[in-house]
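Shown below: upload_31.cif, with mmCIF, C-alpha atoms and all ligand atoms.
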data_start
#
loop_
_atom_site.label_atom_id
_atom_site.label_comp_id
_atom_site.auth_asym_id
_atom_site.auth_seq_id
_atom_site.Cartn_x
_atom_site.Cartn_y
_atom_site.Cartn_z
CA MET D 1 -21.32 -16.16 5.82
CA LEU D 2 -18.40 -16.50 8.23
CA MET D 3 -14.86 -17.20 7.11
CA LYS D 4 -13.66 -20.68 7.99
CA ALA D 5 -10.14 -20.91 9.35
CA ARG D 6 -7.71 -23.21 11.06
CA LYS D 7 -5.26 -22.24 13.77
CA TYR D 8 -1.49 -22.54 13.25
CA GLU D 9 1.62 -21.83 15.27
CA PHE D 10 4.76 -20.29 13.82
CA GLY D 11 7.58 -22.81 13.47
CA ARG D 12 10.95 -22.30 11.86
CA VAL D 13 11.58 -19.00 10.13
CA PHE D 14 13.90 -18.76 7.11
CA LEU D 15 15.65 -16.02 5.21
CA GLY D 16 16.93 -17.18 1.83
CA ARG D 17 18.55 -15.94 -1.35
CA LEU D 18 17.10 -17.10 -4.65
CA PRO D 19 19.56 -18.53 -7.20
CA TYR D 20 20.39 -16.41 -10.26
CA GLU D 21 18.35 -17.50 -13.30
CA SER D 22 16.19 -19.90 -11.27
CA ASP D 23 12.47 -20.09 -11.90
CA LEU D 24 10.81 -18.19 -9.06
CA LEU D 25 7.86 -20.54 -8.50
CA ASP D 26 9.99 -23.69 -8.86
CA ALA D 27 12.67 -22.33 -6.51
CA LEU D 28 10.11 -21.50 -3.81
CA THR D 29 8.39 -24.87 -4.16
CA ALA D 30 11.69 -26.78 -4.05
CA PHE D 31 12.81 -24.83 -0.99
CA CYS D 32 9.58 -25.69 0.86
CA ALA D 33 9.77 -29.36 -0.15
CA ASP D 34 13.46 -29.67 0.78
CA ASN D 35 12.73 -28.27 4.24
CA GLY D 36 9.70 -30.46 4.85
CA LEU D 37 7.24 -27.58 5.04
CA ASN D 38 3.53 -28.40 4.74
CA ALA D 39 2.19 -24.93 5.43
CA ALA D 40 3.99 -21.60 5.33
CA PHE D 41 3.70 -17.87 4.81
CA LEU D 42 5.98 -16.59 2.05
CA SER D 43 7.21 -13.13 1.19
CA ALA D 44 9.91 -12.02 -1.23
CA ILE D 45 11.48 -9.02 -2.94
CA GLY D 46 14.08 -8.80 -5.69
CA ALA D 47 14.50 -8.44 -9.42
CA LEU D 48 13.50 -10.55 -12.42
CA THR D 49 14.65 -10.84 -16.02
CA MET D 50 11.16 -11.84 -17.22
CA ALA D 51 7.88 -12.94 -15.70
CA THR D 52 4.66 -14.80 -16.34
CA ILE D 53 1.59 -13.80 -14.38
CA GLY D 54 -1.98 -14.93 -14.55
CA PHE D 55 -5.36 -13.27 -14.33
CA TYR D 56 -8.24 -15.57 -13.42
CA ASN D 57 -11.15 -15.15 -15.78
CA GLN D 58 -14.09 -15.78 -13.44
CA GLU D 59 -16.56 -16.40 -16.28
CA ASP D 60 -14.41 -18.86 -18.21
CA LYS D 61 -12.93 -20.27 -14.98
CA SER D 62 -9.47 -20.31 -16.47
CA TYR D 63 -6.26 -18.31 -16.20
CA GLU D 64 -5.33 -15.78 -18.83
CA THR D 65 -1.55 -15.76 -19.08
CA ILE D 66 0.42 -12.52 -19.32
CA LEU D 67 4.02 -12.88 -20.48
CA ILE D 68 6.27 -9.93 -19.58
CA GLU D 69 9.58 -10.13 -21.43
CA GLU D 70 11.53 -7.32 -19.80
CA THR D 71 13.55 -6.72 -16.67
CA LEU D 72 11.40 -6.06 -13.62
CA GLU D 73 11.60 -5.27 -9.95
CA LEU D 74 9.93 -7.85 -7.78
CA ALA D 75 8.39 -5.15 -5.63
CA SER D 76 6.36 -7.60 -3.60
CA LEU D 77 5.55 -11.29 -3.47
CA THR D 78 3.05 -12.57 -0.97
CA GLY D 79 2.05 -16.18 -0.88
CA ASN D 80 1.40 -19.33 1.00
CA LEU D 81 2.26 -22.97 0.94
CA SER D 82 -0.27 -25.75 1.32
CA LEU D 83 -0.67 -29.24 -0.11
CA LYS D 84 -2.19 -30.25 -3.42
CA ASP D 85 -2.42 -33.97 -4.15
CA GLY D 86 -0.15 -34.52 -1.14
CA LYS D 87 2.64 -32.31 -2.52
CA PRO D 88 3.71 -28.81 -1.48
CA MET D 89 2.07 -26.16 -3.64
CA VAL D 90 3.07 -22.51 -3.55
CA HIS D 91 0.33 -19.98 -4.31
CA ALA D 92 1.78 -16.51 -4.70
CA HIS D 93 0.79 -13.15 -6.08
CA VAL D 94 3.33 -10.60 -7.24
CA VAL D 95 3.53 -6.88 -7.78
CA LEU D 96 6.21 -6.12 -10.38
CA SER D 97 7.50 -2.75 -11.43
CA ARG D 98 8.74 -1.70 -14.83
CA GLU D 99 11.66 0.60 -15.65
CA ASN D 100 9.33 3.63 -15.55
CA GLY D 101 8.00 2.62 -12.14
CA GLU D 102 4.62 1.44 -13.33
CA ALA D 103 3.30 -1.67 -11.65
CA VAL D 104 1.82 -4.83 -13.04
CA ALA D 105 0.48 -7.53 -10.79
CA GLY D 106 -1.05 -10.96 -10.78
CA HIS D 107 -0.91 -14.64 -9.94
CA LEU D 108 2.66 -15.94 -10.17
CA MET D 109 3.29 -18.51 -12.89
CA SER D 110 6.23 -20.19 -14.62
CA PRO D 111 8.39 -19.26 -16.35
CA THR D 112 9.49 -16.33 -14.20
CA ARG D 113 13.26 -15.91 -14.14
CA VAL D 114 15.11 -14.59 -11.09
CA PHE D 115 17.86 -11.99 -11.35
CA ALA D 116 18.15 -11.71 -7.59
CA GLY D 117 15.77 -12.31 -4.74
CA GLU D 118 15.40 -12.40 -0.98
CA VAL D 119 12.81 -14.65 0.60
CA PHE D 120 11.20 -14.68 4.00
CA ALA D 121 9.46 -17.98 4.79
CA ALA D 122 7.65 -18.73 8.02
CA GLU D 123 6.70 -22.33 8.72
CA LEU D 124 3.17 -22.82 10.03
CA ARG D 125 2.78 -25.80 12.33
CA GLY D 126 -0.51 -27.59 12.61
CA GLU D 127 -2.83 -29.80 10.58
CA PRO D 128 -1.62 -29.90 6.95
CA LEU D 129 -3.89 -27.81 4.76
CA ALA D 130 -4.95 -29.57 1.56
CA ARG D 131 -6.38 -28.01 -1.59
CA GLU D 132 -9.51 -29.41 -3.18
CA PHE D 133 -11.33 -28.60 -6.38
CA ASP D 134 -14.09 -26.06 -5.76
CA GLU D 135 -17.04 -26.38 -8.15
CA THR D 136 -18.27 -22.81 -7.63
CA THR D 137 -15.04 -21.04 -8.57
CA GLY D 138 -13.27 -23.71 -10.63
CA LEU D 139 -10.21 -23.23 -8.42
CA THR D 140 -8.40 -25.61 -6.08
CA LEU D 141 -9.11 -23.97 -2.75
CA TRP D 142 -8.35 -24.92 0.82
CA GLY D 143 -10.56 -27.86 1.70
CA ALA D 144 -12.06 -29.00 4.98
CA LEU D 145 -11.41 -26.27 7.50
CA LEU D 146 -12.73 -26.31 11.02
ZN ZN K 201 -3.72 -16.73 -7.34
#
Could you rewrite the structure in this file as structure tokens?
Ligand code: ZN
Amino acid sequence: MLMKARKYEFGRVFLGRLPYESDLLDALTAFCADNGLNAAFLSAIGALTMATIGFYNQEDKSYETILIEETLELASLTGNLSLKDGKPMVHAHVVLSRENGEAVAGHLMSPTRVFAGEVFAAELRGEPLAREFDETTGLTLWGALL
């Protein structure tokens, strides 16, 4: 089966610094909402004082939550912004590294507290992309694509 996709153009491009002790997911979402973004590509690096990540259990169709209460490097965040129920929703995955350099990774959740962070956000201009509940996976996935 072929992948369905929609074409976008790059719009404004932002570099931003995350506030100390902010919640990573909330800060990204607020930034996108404040700047009127409907679709974007997001990338970030930095450091965290604690994190919550999720692993999607495909049988149960629910997220298992992993709470990591230690200081971490935000080695990589990759994500996107689309709309859910008409509001901006950030979907991001993170690779975090521990003091010994080992990595843990997963679906970014709250609470995840920022120590420091640098964000690259690229606005995508085009038809707003809305999430819809998908019966097969139990996830809210991108809906009607061309
Ligand atoms: Zn995810």
Could the residues of range 28-85 of chain D that have an atom at most 12 Å from range 136-144 of chain D be listed as JSON lines, each with its closest atom pair and the distance in Å to one decimal, counting all atoms listed in the file and ordered by chain and ascending residue number?
{"residue": "D:Ala39", "atom": "CA", "partner": "D:Trp142", "partner_atom": "CA", "distance": 11.5}
{"residue": "D:Tyr56", "atom": "CA", "partner": "D:Leu139", "partner_atom": "CA", "distance": 9.4}
{"residue": "D:Asn57", "atom": "CA", "partner": "D:Thr137", "partner_atom": "CA", "distance": 10.1}
{"residue": "D:Gln58", "atom": "CA", "partner": "D:Thr137", "partner_atom": "CA", "distance": 7.2}
{"residue": "D:Glu59", "atom": "CA", "partner": "D:Thr137", "partner_atom": "CA", "distance": 9.1}
{"residue": "D:Asp60", "atom": "CA", "partner": "D:Gly138", "partner_atom": "CA", "distance": 9.1}
{"residue": "D:Lys61", "atom": "CA", "partner": "D:Gly138", "partner_atom": "CA", "distance": 5.6}
{"residue": "D:Ser62", "atom": "CA", "partner": "D:Gly138", "partner_atom": "CA", "distance": 7.8}
{"residue": "D:Tyr63", "atom": "CA", "partner": "D:Leu139", "partner_atom": "CA", "distance": 10.0}
{"residue": "D:Asn80", "atom": "CA", "partner": "D:Trp142", "partner_atom": "CA", "distance": 11.2}
{"residue": "D:Leu81", "atom": "CA", "partner": "D:Trp142", "partner_atom": "CA", "distance": 10.8}
{"residue": "D:Ser82", "atom": "CA", "partner": "D:Trp142", "partner_atom": "CA", "distance": 8.1}
{"residue": "D:Leu83", "atom": "CA", "partner": "D:Trp142", "partner_atom": "CA", "distance": 8.9}
{"residue": "D:Lys84", "atom": "CA", "partner": "D:Thr140", "partner_atom": "CA", "distance": 8.2}
{"residue": "D:Asp85", "atom": "CA", "partner": "D:Thr140", "partner_atom": "CA", "distance": 10.5}
Can I get the residues close to ligand ZN 201 (chain K) as a list in words, where close means within 9 Å and we count only C-alpha atoms and all ligand atoms?
->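 After applying the 9 Å limit, what remains is Gly54, Phe55, Tyr56, Gly79, His91, Ala92, His93, Gly106, His107 and Leu108 of chain D.
Residue nearest Gly86 in chain D within the list D:Arg131, D:Arg113, D:Arg125, D:Lys4: D:Arg131 [criterion: smallest interatomic distance, all atoms listed in the file].
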What lies within 12 Å of range 34-38 of chain D using all atoms listed in the file, ignoring chain neighbours under 5 positions off, as an MDAnalysis selection string?
-> chainID D and resid 8 10:14 26:29 80:84 86:90 121:131
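Taking CA of Glu73 in chain D and CA of Tyr20 in chain D as the two end points, the separation is 14.2 Å.
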Mind checking which residues fall within 8 Å of Glu118 in chain D, counting all atoms listed in the file, ignoring those fewer than 5 positions away in the same chain, and posting them as a ChimeraX atom specification?
-> /D:15-18,44-46
Given the choices D:Ala5, D:Phe120, D:Leu145, D:Arg98, which gets closest to Glu132 in chain D if the distance is worked out from only C-alpha atoms?
->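 The answer is D:Leu145, which sits nearest to Glu132 in chain D.
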Enter the distance from CA of Glu9 in chain D to CA of Val119 in chain D, in Å, rounded to one decimal.
->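 Rounded to one decimal, the two atoms are 19.8 Å apart.
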Assuming 4 Å of padding per side, give the centre and edge lengths of the axis-aligned box around every listed atom of range 50-61 of chain D, in Å to one decimal and as JSON.
{"center_x": -2.7, "center_y": -16.1, "center_z": -15.8, "size_x": 35.7, "size_y": 16.4, "size_z": 12.8}
Which one of D:Ser22, D:Thr49, D:Ser43, D:Ser76 sits closest to Leu96 in chain D if you count all atoms listed in the file?
-> D:Ser76
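Minimum atom-to-atom distances from D:Ala30, D:Met50, D:Leu2, D:Ala75 to Pro111 in chain D were compared using only C-alpha atoms, and the lowest value belongs to D:Met50.
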Have a look at CA of Leu24 in chain D and CA of Val114 in chain D and let me know their distance in Å, one decimal.
->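 Result for CA of Leu24 in chain D versus CA of Val114 in chain D: 6.0 Å, one decimal.
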Measuring atom to atom with all atoms listed in the file, identify which of D:Arg6, D:Phe133, D:Asp23, D:Thr78 is nearest to Thr52 in chain D.
-> D:Asp23
